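Structure file entry.txt (compact mmCIF, C-alpha atoms) follows.
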# COMPACT_ATOMS: atom_id res chain seq x y z
CA MET W 248 148.30 107.85 132.40
CA ILE W 249 149.51 109.87 129.40
CA ARG W 250 146.95 108.13 127.20
CA VAL W 251 144.16 109.04 129.63
CA VAL W 252 145.20 112.69 129.69
CA LYS W 253 145.44 112.81 125.89
CA GLY W 254 142.03 111.18 125.68
CA LEU W 255 140.50 113.77 127.97
CA LEU W 256 142.06 116.62 126.01
CA LEU W 257 140.69 115.17 122.79
CA ILE W 258 137.24 114.94 124.34
CA LEU W 259 137.43 118.56 125.52
CA LEU W 260 138.49 119.70 122.06
CA VAL W 261 135.48 117.94 120.56
CA PHE W 262 133.25 119.70 123.12
CA LEU W 263 134.61 123.07 122.19
CA LEU W 264 134.01 122.40 118.51
CA PHE W 265 130.55 120.91 119.12
CA SER W 266 129.36 122.87 122.12
CA CYS W 267 125.80 121.58 121.74
CA PHE W 268 126.78 118.80 124.20
CA CYS W 269 125.91 121.03 127.11
CA ARG W 270 122.35 121.16 125.78
CA THR W 271 121.78 117.46 125.18
CA VAL W 272 119.89 117.23 128.47
CA GLY W 273 117.36 119.91 127.55
CA PRO W 274 116.09 122.26 124.88
CA PRO W 275 118.41 124.85 123.33
CA GLU W 276 118.94 127.94 125.43
CA THR W 277 117.56 131.20 124.12
CA SER W 278 119.74 134.28 123.95
CA PRO W 279 119.00 136.74 126.75
CA GLU W 280 117.19 139.90 125.78
CA PRO W 281 119.74 142.68 125.18
CA CYS W 282 119.96 145.25 127.96
CA ILE W 283 121.99 148.42 128.47
CA THR W 284 123.56 149.68 131.71
CA GLU W 285 122.24 153.21 132.16
CA MET W 286 123.18 155.74 134.84
CA ILE W 287 120.18 157.30 136.60
CA SER W 288 120.09 161.09 136.96
CA GLU W 289 119.78 162.36 140.53
CA LYS W 290 116.27 163.72 139.95
CA ASN W 291 115.10 160.20 138.99
CA TRP W 292 116.57 158.38 141.99
CA PRO W 293 114.04 156.43 144.05
CA CYS W 294 113.48 157.47 147.65
CA LEU W 295 116.19 155.62 149.60
CA ASP W 296 114.26 155.13 152.85
CA ASP W 297 115.27 151.60 153.88
CA ASP W 298 112.43 149.70 155.58
CA ALA W 299 114.57 147.04 157.30
CA ASP W 300 116.99 146.86 160.21
CA ARG W 301 120.36 148.54 159.69
CA GLU W 302 122.20 145.92 161.71
CA ASN W 303 121.37 143.10 159.33
CA LEU W 304 122.42 145.39 156.46
CA ARG W 305 125.81 145.77 158.15
CA GLN W 306 126.02 141.98 158.47
CA ALA W 307 125.27 141.52 154.78
CA LEU W 308 127.81 144.19 153.79
CA THR W 309 130.44 142.43 155.88
CA GLN W 310 129.79 139.09 154.16
CA SER W 311 130.21 140.63 150.70
CA LEU W 312 133.46 142.25 151.82
CA ILE W 313 134.73 138.88 153.10
CA TYR W 314 133.97 137.37 149.68
CA LEU W 315 135.72 140.20 147.82
CA GLN W 316 138.80 139.98 150.05
CA LYS W 317 139.17 136.34 149.01
CA SER W 318 138.82 137.14 145.30
CA SER W 319 141.72 137.97 143.02
CA PRO W 320 142.41 141.72 142.86
CA GLN W 321 142.42 141.45 139.06
CA LYS W 322 138.97 139.86 138.90
CA THR W 323 136.23 141.87 137.18
CA PHE W 324 132.47 141.53 137.44
CA PRO W 325 129.64 142.27 135.01
CA LEU W 326 127.00 144.94 135.47
CA GLY W 327 124.97 144.50 132.33
CA THR W 328 127.11 145.90 129.52
CA ARG W 329 129.74 147.25 131.94
CA GLU W 330 132.70 145.51 133.54
CA ILE W 331 133.54 146.67 137.07
CA SER W 332 136.44 145.77 139.32
CA GLY W 333 136.30 144.09 142.68
CA GLU W 334 137.90 147.23 144.13
CA GLU W 335 134.98 149.35 142.85
CA ILE W 336 132.54 147.08 144.66
CA ARG W 337 134.67 146.90 147.80
CA SER W 338 135.07 150.69 148.07
CA THR W 339 131.31 151.11 147.50
CA LEU W 340 130.45 148.77 150.36
CA THR W 341 133.03 150.30 152.68
CA LEU W 342 131.81 153.84 152.02
CA LEU W 343 128.18 152.86 152.66
CA GLN W 344 129.22 151.32 155.98
CA GLU W 345 130.89 154.60 156.94
CA LEU W 346 127.83 156.63 155.94
CA LEU W 347 125.49 154.36 157.90
CA ASP W 348 127.60 154.93 161.00
CA SER W 349 127.70 158.72 160.61
CA ASN W 350 124.18 159.48 159.29
CA THR W 351 121.17 158.45 161.34
CA ASP W 352 118.78 160.78 159.52
CA VAL W 353 117.29 159.44 156.27
CA LEU W 354 117.44 162.77 154.40
CA SER W 355 121.06 163.49 155.32
CA LEU W 356 122.03 159.94 154.29
CA GLU W 357 120.28 160.35 150.96
CA ARG W 358 122.10 163.64 150.31
CA GLU W 359 125.44 161.94 150.99
CA LEU W 360 124.54 159.05 148.72
CA LYS W 361 123.69 161.31 145.80
CA ALA W 362 126.88 163.28 146.31
CA ARG W 363 129.20 160.29 146.49
CA PHE W 364 127.61 157.51 144.43
CA ASN W 365 126.21 156.82 140.97
CA LEU W 366 123.06 154.76 140.50
CA TYR W 367 122.58 152.37 137.57
CA GLN W 368 119.74 150.41 136.06
CA LEU W 369 119.58 147.86 133.27
CA VAL W 370 117.36 149.14 130.47
CA PHE W 371 115.73 146.96 127.81
CA PRO W 372 115.54 148.67 124.40
CA ASN W 373 112.36 146.82 123.43
CA ARG W 374 110.40 147.27 126.67
CA SER W 375 110.47 149.07 129.98
CA ALA W 376 112.86 147.67 132.59
CA SER W 377 111.09 145.01 134.61
CA LEU W 378 112.03 142.46 137.24
CA LEU W 379 110.27 139.33 138.43
CA THR W 380 111.01 138.68 142.10
CA THR W 381 110.51 135.29 143.71
CA GLY W 382 111.59 134.04 147.13
CA TYR W 383 113.48 131.22 148.77
CA TYR W 384 114.08 130.10 152.34
CA GLU W 385 116.03 127.70 154.53
CA ALA W 386 114.00 124.49 154.77
CA THR W 387 113.86 122.30 157.89
CA LEU W 388 113.32 118.54 157.51
CA THR W 389 113.13 115.62 159.90
CA GLY W 390 115.81 112.99 159.35
CA SER W 391 117.94 110.11 160.51
CA ARG W 392 121.53 108.95 160.22
CA ALA W 393 120.34 105.52 159.04
CA PRO W 394 117.66 104.38 156.58
CA SER W 395 114.45 102.80 157.86
CA ASP W 396 110.84 102.31 156.88
CA ARG W 397 110.17 105.75 158.35
CA PHE W 398 113.20 107.42 156.73
CA PRO W 399 113.69 105.94 153.24
CA PHE W 400 114.70 109.02 151.19
CA PRO W 401 118.43 109.89 151.07
CA PHE W 402 120.32 113.16 150.91
CA TYR W 403 123.31 112.48 148.65
CA ARG W 404 126.76 114.02 148.80
CA LYS W 405 128.60 114.87 145.58
CA PRO W 406 129.56 111.64 143.74
CA ASP W 407 133.25 111.09 142.98
CA ASP W 408 132.53 110.42 139.31
CA LEU W 409 130.77 113.73 138.70
CA LEU W 410 132.95 115.68 136.28
CA THR W 411 132.85 119.48 135.92
CA ILE W 412 134.64 121.18 133.01
CA GLU W 413 135.10 124.96 133.14
CA LEU W 414 135.02 125.91 129.47
CA ASP W 415 136.46 129.40 129.95
CA ASN W 416 139.77 127.70 130.82
CA PHE W 417 139.97 126.87 127.10
CA SER W 418 138.48 129.94 125.44
CA SER W 419 137.15 133.32 126.58
CA LYS W 420 134.30 132.68 124.14
CA TYR W 421 132.82 130.34 126.77
CA LYS W 422 133.20 132.67 129.77
CA GLY W 423 131.12 131.39 132.66
CA GLU W 424 130.11 128.21 130.80
CA ARG W 425 130.64 124.73 132.21
CA LEU W 426 129.84 121.14 131.38
CA VAL W 427 128.78 118.57 133.97
CA GLY W 428 128.97 114.88 133.14
CA ARG W 429 130.61 111.52 133.87
CA LEU W 430 133.22 109.37 132.19
CA LEU W 431 132.29 106.05 130.64
CA GLY W 432 135.56 104.65 129.34
CA ARG W 433 136.81 107.44 127.08
CA ARG W 434 133.35 108.92 126.55
CA VAL W 435 131.79 111.76 128.53
CA LEU W 436 128.07 111.43 129.11
CA PRO W 437 125.53 113.66 130.87
CA TYR W 438 125.34 112.86 134.57
CA TYR W 439 122.44 110.80 135.88
CA SER W 440 119.01 112.46 135.92
CA ARG W 441 116.56 112.68 138.82
CA ARG W 442 114.69 109.65 137.54
CA GLU W 443 117.87 107.56 137.36
CA ILE W 444 118.92 108.65 140.86
CA ASP W 445 115.60 108.46 142.69
CA GLN W 446 113.68 105.74 140.88
CA GLU W 447 116.43 103.53 139.45
CA GLY W 448 118.65 103.94 142.52
CA ILE W 449 121.76 104.40 140.38
CA LEU W 450 123.72 105.93 143.32
CA ALA W 451 122.44 103.60 146.04
CA GLY W 452 125.01 101.51 147.89
CA ARG W 453 127.98 103.72 147.01
CA GLY W 454 128.30 105.28 150.46
CA LEU W 455 127.08 108.67 149.22
CA GLU W 456 124.16 108.98 151.62
CA LEU W 457 124.53 111.79 154.17
CA PHE W 458 121.17 111.37 155.94
CA TRP W 459 117.69 110.04 155.25
CA THR W 460 114.36 111.84 155.55
CA ASP W 461 110.69 110.90 155.73
CA ASP W 462 109.28 113.29 153.12
CA ARG W 463 110.38 113.04 149.49
CA LEU W 464 108.46 116.19 148.56
CA LYS W 465 110.17 118.34 151.19
CA LEU W 466 113.51 116.90 150.06
CA PHE W 467 112.62 117.88 146.48
CA PHE W 468 111.81 121.44 147.53
CA MET W 469 114.95 121.66 149.67
CA GLN W 470 116.97 120.87 146.55
CA ILE W 471 115.29 123.81 144.85
CA GLN W 472 116.08 126.07 147.83
CA GLY W 473 119.70 124.88 147.78
CA SER W 474 120.21 124.47 151.54
CA GLY W 475 118.42 123.59 154.74
CA ARG W 476 118.52 121.93 158.13
CA VAL W 477 117.87 118.34 159.10
CA VAL W 478 116.62 117.73 162.63
CA LEU W 479 117.67 114.21 163.62
CA GLU W 480 115.87 111.81 165.93
CA ASP W 481 118.14 112.72 168.86
CA GLY W 482 117.27 116.40 168.46
CA VAL W 483 120.57 117.39 166.81
CA SER W 484 120.15 119.92 163.99
CA VAL W 485 122.53 119.53 161.02
CA GLN W 486 123.11 122.24 158.43
CA LEU W 487 123.28 121.08 154.81
CA GLN W 488 124.37 123.32 151.96
CA TYR W 489 124.57 123.06 148.19
CA ARG W 490 127.65 121.21 146.95
CA ALA W 491 127.00 120.44 143.28
CA THR W 492 124.34 119.79 140.67
CA ASN W 493 124.01 117.02 138.09
CA GLY W 494 124.05 119.65 135.32
CA HIS W 495 120.56 118.98 133.99
CA PRO W 496 118.29 121.99 133.34
CA TYR W 497 115.83 123.07 136.00
CA PHE W 498 112.13 122.66 135.16
CA PRO W 499 109.43 124.27 137.37
CA VAL W 500 106.86 121.56 138.07
CA GLY W 501 104.22 124.20 138.74
CA ARG W 502 104.23 124.85 134.99
CA GLU W 503 103.00 121.29 134.42
CA LEU W 504 100.18 121.70 136.94
CA ILE W 505 99.10 124.83 135.07
CA ARG W 506 99.26 123.00 131.74
CA ARG W 507 97.01 120.25 133.10
CA GLY W 508 94.50 122.80 134.38
CA ILE W 509 95.07 121.75 137.99
CA LEU W 510 96.22 125.21 139.07
CA ARG W 511 95.74 128.66 137.59
CA PRO W 512 98.92 130.75 137.19
CA GLU W 513 97.94 133.07 140.03
CA GLU W 514 97.40 130.07 142.33
CA VAL W 515 100.85 128.54 141.94
CA SER W 516 102.86 128.48 145.15
CA LEU W 517 105.16 126.03 146.87
CA GLN W 518 102.38 125.25 149.34
CA ARG W 519 99.77 124.54 146.65
CA ILE W 520 102.14 122.31 144.69
CA TYR W 521 103.11 120.42 147.85
CA THR W 522 99.48 119.89 148.87
CA TYR W 523 98.45 118.62 145.45
CA LEU W 524 101.32 116.14 145.20
CA LYS W 525 100.80 114.99 148.79
CA ASP W 526 97.14 114.30 148.01
CA HIS W 527 98.00 112.48 144.75
CA PRO W 528 100.91 110.14 145.57
CA GLU W 529 100.38 108.19 142.36
CA GLU W 530 101.41 111.29 140.37
CA GLN W 531 104.48 112.23 142.40
CA GLU W 532 107.15 110.35 140.49
CA GLY W 533 105.97 111.45 137.06
CA ILE W 534 105.70 115.12 137.99
CA LEU W 535 108.92 115.33 140.03
CA ASN W 536 110.90 113.64 137.26
CA LEU W 537 109.90 116.44 134.88
CA ASN W 538 112.61 118.37 136.70
CA PRO W 539 115.73 116.31 135.89
CA SER W 540 117.98 118.67 137.87
CA TYR W 541 119.36 117.15 141.07
CA VAL W 542 121.30 118.82 143.90
CA PHE W 543 124.00 117.19 146.04
CA PHE W 544 124.66 118.47 149.56
CA GLN W 545 127.43 118.71 152.09
CA GLU W 546 127.43 119.30 155.85
CA ALA W 547 128.25 122.84 156.92
CA GLN W 548 128.89 124.84 160.05
CA GLY W 549 126.81 127.99 160.33
CA GLY W 550 125.14 129.31 157.24
CA PRO W 551 123.03 128.91 155.23
CA TYR W 552 125.55 129.72 152.52
CA GLY W 553 124.97 131.11 149.05
CA SER W 554 126.98 130.44 145.92
CA LEU W 555 129.63 132.95 147.07
CA ASN W 556 130.24 130.64 150.05
CA VAL W 557 129.40 133.32 152.62
CA PRO W 558 126.42 133.17 155.01
CA LEU W 559 123.18 134.58 153.65
CA THR W 560 121.42 137.36 155.54
CA PRO W 561 117.60 137.07 155.70
CA GLY W 562 115.92 140.04 154.10
CA ARG W 563 119.16 141.30 152.53
CA SER W 564 120.71 138.53 150.40
CA VAL W 565 119.39 137.95 146.89
CA ALA W 566 120.18 135.51 144.10
CA MET W 567 120.67 136.85 140.56
CA ASP W 568 122.36 135.78 137.33
CA LEU W 569 126.07 136.28 138.04
CA LYS W 570 126.83 136.44 134.33
CA ILE W 571 124.96 139.75 134.28
CA PHE W 572 125.13 141.12 137.82
CA PRO W 573 128.17 141.62 140.10
CA SER W 574 128.89 139.02 142.79
CA GLY W 575 128.70 140.71 146.17
CA GLY W 576 127.31 143.88 144.60
CA LEU W 577 125.09 146.41 146.39
CA ALA W 578 121.66 147.27 145.01
CA TRP W 579 118.45 149.07 145.92
CA LEU W 580 115.35 146.90 145.53
CA THR W 581 111.77 148.08 145.30
CA GLY W 582 109.15 145.35 145.53
CA VAL W 583 106.56 144.00 147.94
CA LYS W 584 106.55 142.10 151.25
CA PRO W 585 103.77 140.20 153.02
CA VAL W 586 101.80 141.13 156.12
CA PHE W 587 100.97 138.08 158.24
CA SER W 588 98.07 137.10 160.46
CA PRO W 589 98.79 135.70 163.97
CA ASP W 590 98.61 132.16 162.54
CA ASN W 591 101.18 132.98 159.79
CA ARG W 592 98.78 133.36 156.90
CA ILE W 593 99.50 136.10 154.36
CA LEU W 594 96.85 138.82 154.67
CA TYR W 595 98.13 141.14 151.93
CA TRP W 596 101.29 142.60 150.41
CA VAL W 597 102.75 146.08 151.00
CA PRO W 598 105.62 148.00 149.35
CA MET W 599 109.19 147.00 150.23
CA ASN W 600 112.22 149.28 149.72
CA ARG W 601 115.69 148.30 150.89
CA TRP W 602 119.37 147.71 150.23
CA VAL W 603 120.17 144.16 149.13
CA LEU W 604 123.37 142.34 148.17
CA VAL W 605 123.90 139.83 145.37
CA GLN W 606 125.25 136.84 147.31
CA ASP W 607 123.72 133.84 145.57
CA SER W 608 122.67 132.37 142.23
CA GLY W 609 120.31 129.61 141.14
CA GLY W 610 119.46 127.26 138.30
CA ALA W 611 116.12 129.01 137.69
CA ILE W 612 117.48 132.54 138.14
CA LYS W 613 118.65 133.35 134.62
CA GLY W 614 118.68 136.57 132.66
CA PRO W 615 118.45 140.24 133.65
CA GLY W 616 114.80 140.07 134.68
CA ARG W 617 115.01 137.59 137.60
CA LEU W 618 115.73 137.94 141.31
CA ASP W 619 115.28 135.47 144.17
CA PHE W 620 114.89 137.02 147.62
CA PHE W 621 116.15 135.14 150.70
CA TRP W 622 113.60 135.20 153.53
CA GLY W 623 115.45 133.11 156.14
CA ASN W 624 113.89 130.20 158.01
CA GLY W 625 110.69 129.47 159.90
CA ASP W 626 107.00 129.36 159.00
CA GLN W 627 106.73 132.96 157.82
CA ALA W 628 109.85 132.66 155.65
CA GLU W 629 108.48 129.51 154.02
CA MET W 630 105.10 131.13 153.44
CA ALA W 631 106.60 134.32 151.98
CA ALA W 632 109.01 132.44 149.72
CA GLY W 633 106.32 130.04 148.56
CA HIS W 634 103.94 132.80 147.48
CA GLN W 635 106.26 135.55 146.24
CA ARG W 636 105.96 136.14 142.52
CA HIS W 637 105.76 139.87 142.01
CA GLY W 638 107.23 142.66 139.95
CA GLY W 639 109.99 144.90 141.20
CA THR W 640 112.79 147.26 140.24
CA ILE W 641 116.47 147.07 141.05
CA TYR W 642 119.19 149.72 140.91
CA PHE W 643 122.91 149.15 141.40
CA ILE W 644 125.06 151.70 143.17
CA LEU W 645 128.78 152.42 142.79
CA LYS W 646 131.06 154.92 144.45
CA LYS W 647 131.90 157.88 142.19
Produce structure tokens that represent the structure in this file.
Amino acid sequence: MIRVVKGLLLILLVFLLFSCFCRTVGPPETSPEPCITEMISEKNWPCLDDDADRENLRQALTQSLIYLQKSSPQKTFPLGTREISGEEIRSTLTLLQELLDSNTDVLSLERELKARFNLYQLVFPNRSASLLTTGYYEATLTGSRAPSDRFPFPFYRKPDDLLTIELDNFSSKYKGERLVGRLLGRRVLPYYSRREIDQEGILAGRGLELFWTDDRLKLFFMQIQGSGRVVLEDGVSVQLQYRATNGHPYFPVGRELIRRGILRPEEVSLQRIYTYLKDHPEEQEGILNLNPSYVFFQEAQGGPYGSLNVPLTPGRSVAMDLKIFPSGGLAWLTGVKPVFSPDNRILYWVPMNRWVLVQDSGGAIKGPGRLDFFWGNGDQAEMAAGHQRHGGTIYFILKK
């Protein structure tokens, strides 16, 4: 046992000295564009006329407070170049709750906000502040508790041999960095890729299957969403949530369809990608395997849950890079939202302005210029999430 422990420590030391290991499964990461946390003067505040229901805002505020209550009082969170305490976030959320209860008029609420809060924005020295907003949703798939010709594609739980190493336990230089791999004797290797799991069946027969489904493409997209529901043959609906990833980098397969000239950039959506791959089954494996990232699930009660392990609120919860933005933090988002036809087609997009809370993260949501907006479940949520790719602006608010 002592030899094994010593061996692991030696391996970890080598990783710290040669940290390129975490990039052996993909190209080197680029440094994020520098950004500065800047306080906004009152005259430059956006109009804070929230266009969504106040009750679901209260629900989202409550979930962030639950998360913060479970966090260490000494824990700090980033806001661009600033470090803020959990207490600063908690008092901000609590005060907004109080103001929502005592101010029903938009103008009186805005006066109170300007008097009692500061507003911040991340500014890029080399360009104007910009934000790309995309969307995600809670997928619903048909499934079975047992494999069959109809249901051949498995949902896997987290394998026992998947190893996660939190590098900031060894040096503050690696704050927020982690390695994911597997042990082979005394060697640590990258964990199995999508191709090895899906095509080579490297995990088959190990008792890791949770359920089986009939649509490999919907399973692929559910992994990207991070959670979903499986409706079984007996009508029972089971909630599945993200448990772990294999540590490989995420690759958007829509990029490959653009490169091949199959889709133009403005045409890319979840629905268009799904339709193309469904109509070209001979290309599915090759294109899906371009994204080596693989997500493992677990059963859950309630939810869906974000990376903070609190339920997400449709229309209020967003995913951002938690190395740059505060977990559970409150922000004001300006962007767009769709208007639907009676048959759930998107007719056009209109301005959206509302309070949101950072309650999730994602493999593709990296850097200060990315935000993923949670739409909920159902046909309209799937349509909105699949087509959202628009600019926006986000401001973070803190109690004075």
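If you measure from each of W:His495, W:Arg601, W:Arg441, W:Arg519 to Asn536 in chain W using only C-alpha atoms, the closest one turns out to be W:Arg441.
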Exercise for review: Name the closest residue to Glu480 in chain W among the candidates W:Gly633, W:Pro573, W:Gly390, W:Pro406; distances are taken between atoms, counting all atoms listed in the file.
Suggested key: W:Gly390
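Counting only C-alpha atoms, the residue from W:Gln606, W:Asn600, W:Gln344, W:Thr411 that sits nearest to Val557 in chain W is W:Gln606.
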Study note, to complete from the structure: Computed gap from CA of Ser608 in chain W to CA of Ile471 in chain W is 11.6 Å
Point to revise | Point (127.6, 156.3, 150.4) neighbourhood (10 Å, only C-alpha atoms) written as an MDAnalysis selection string | key: chainID W and resid 338:347 356:365 644:647
Point to revise | Spatial neighbours of Leu431 in chain W, max dist 10 Å, all atoms listed in the file, sep filter under 4 positions, as a list in words | key: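 Selected residues are Asp408, Val435 and Leu436 of chain W.
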**Study point:** Within 9 Å of file point (116.9, 141.0, 150.2), counting all atoms listed in the file, expressed as number ranges by chain
**Key:** W: 560-566, 580, 601-605, 619-622
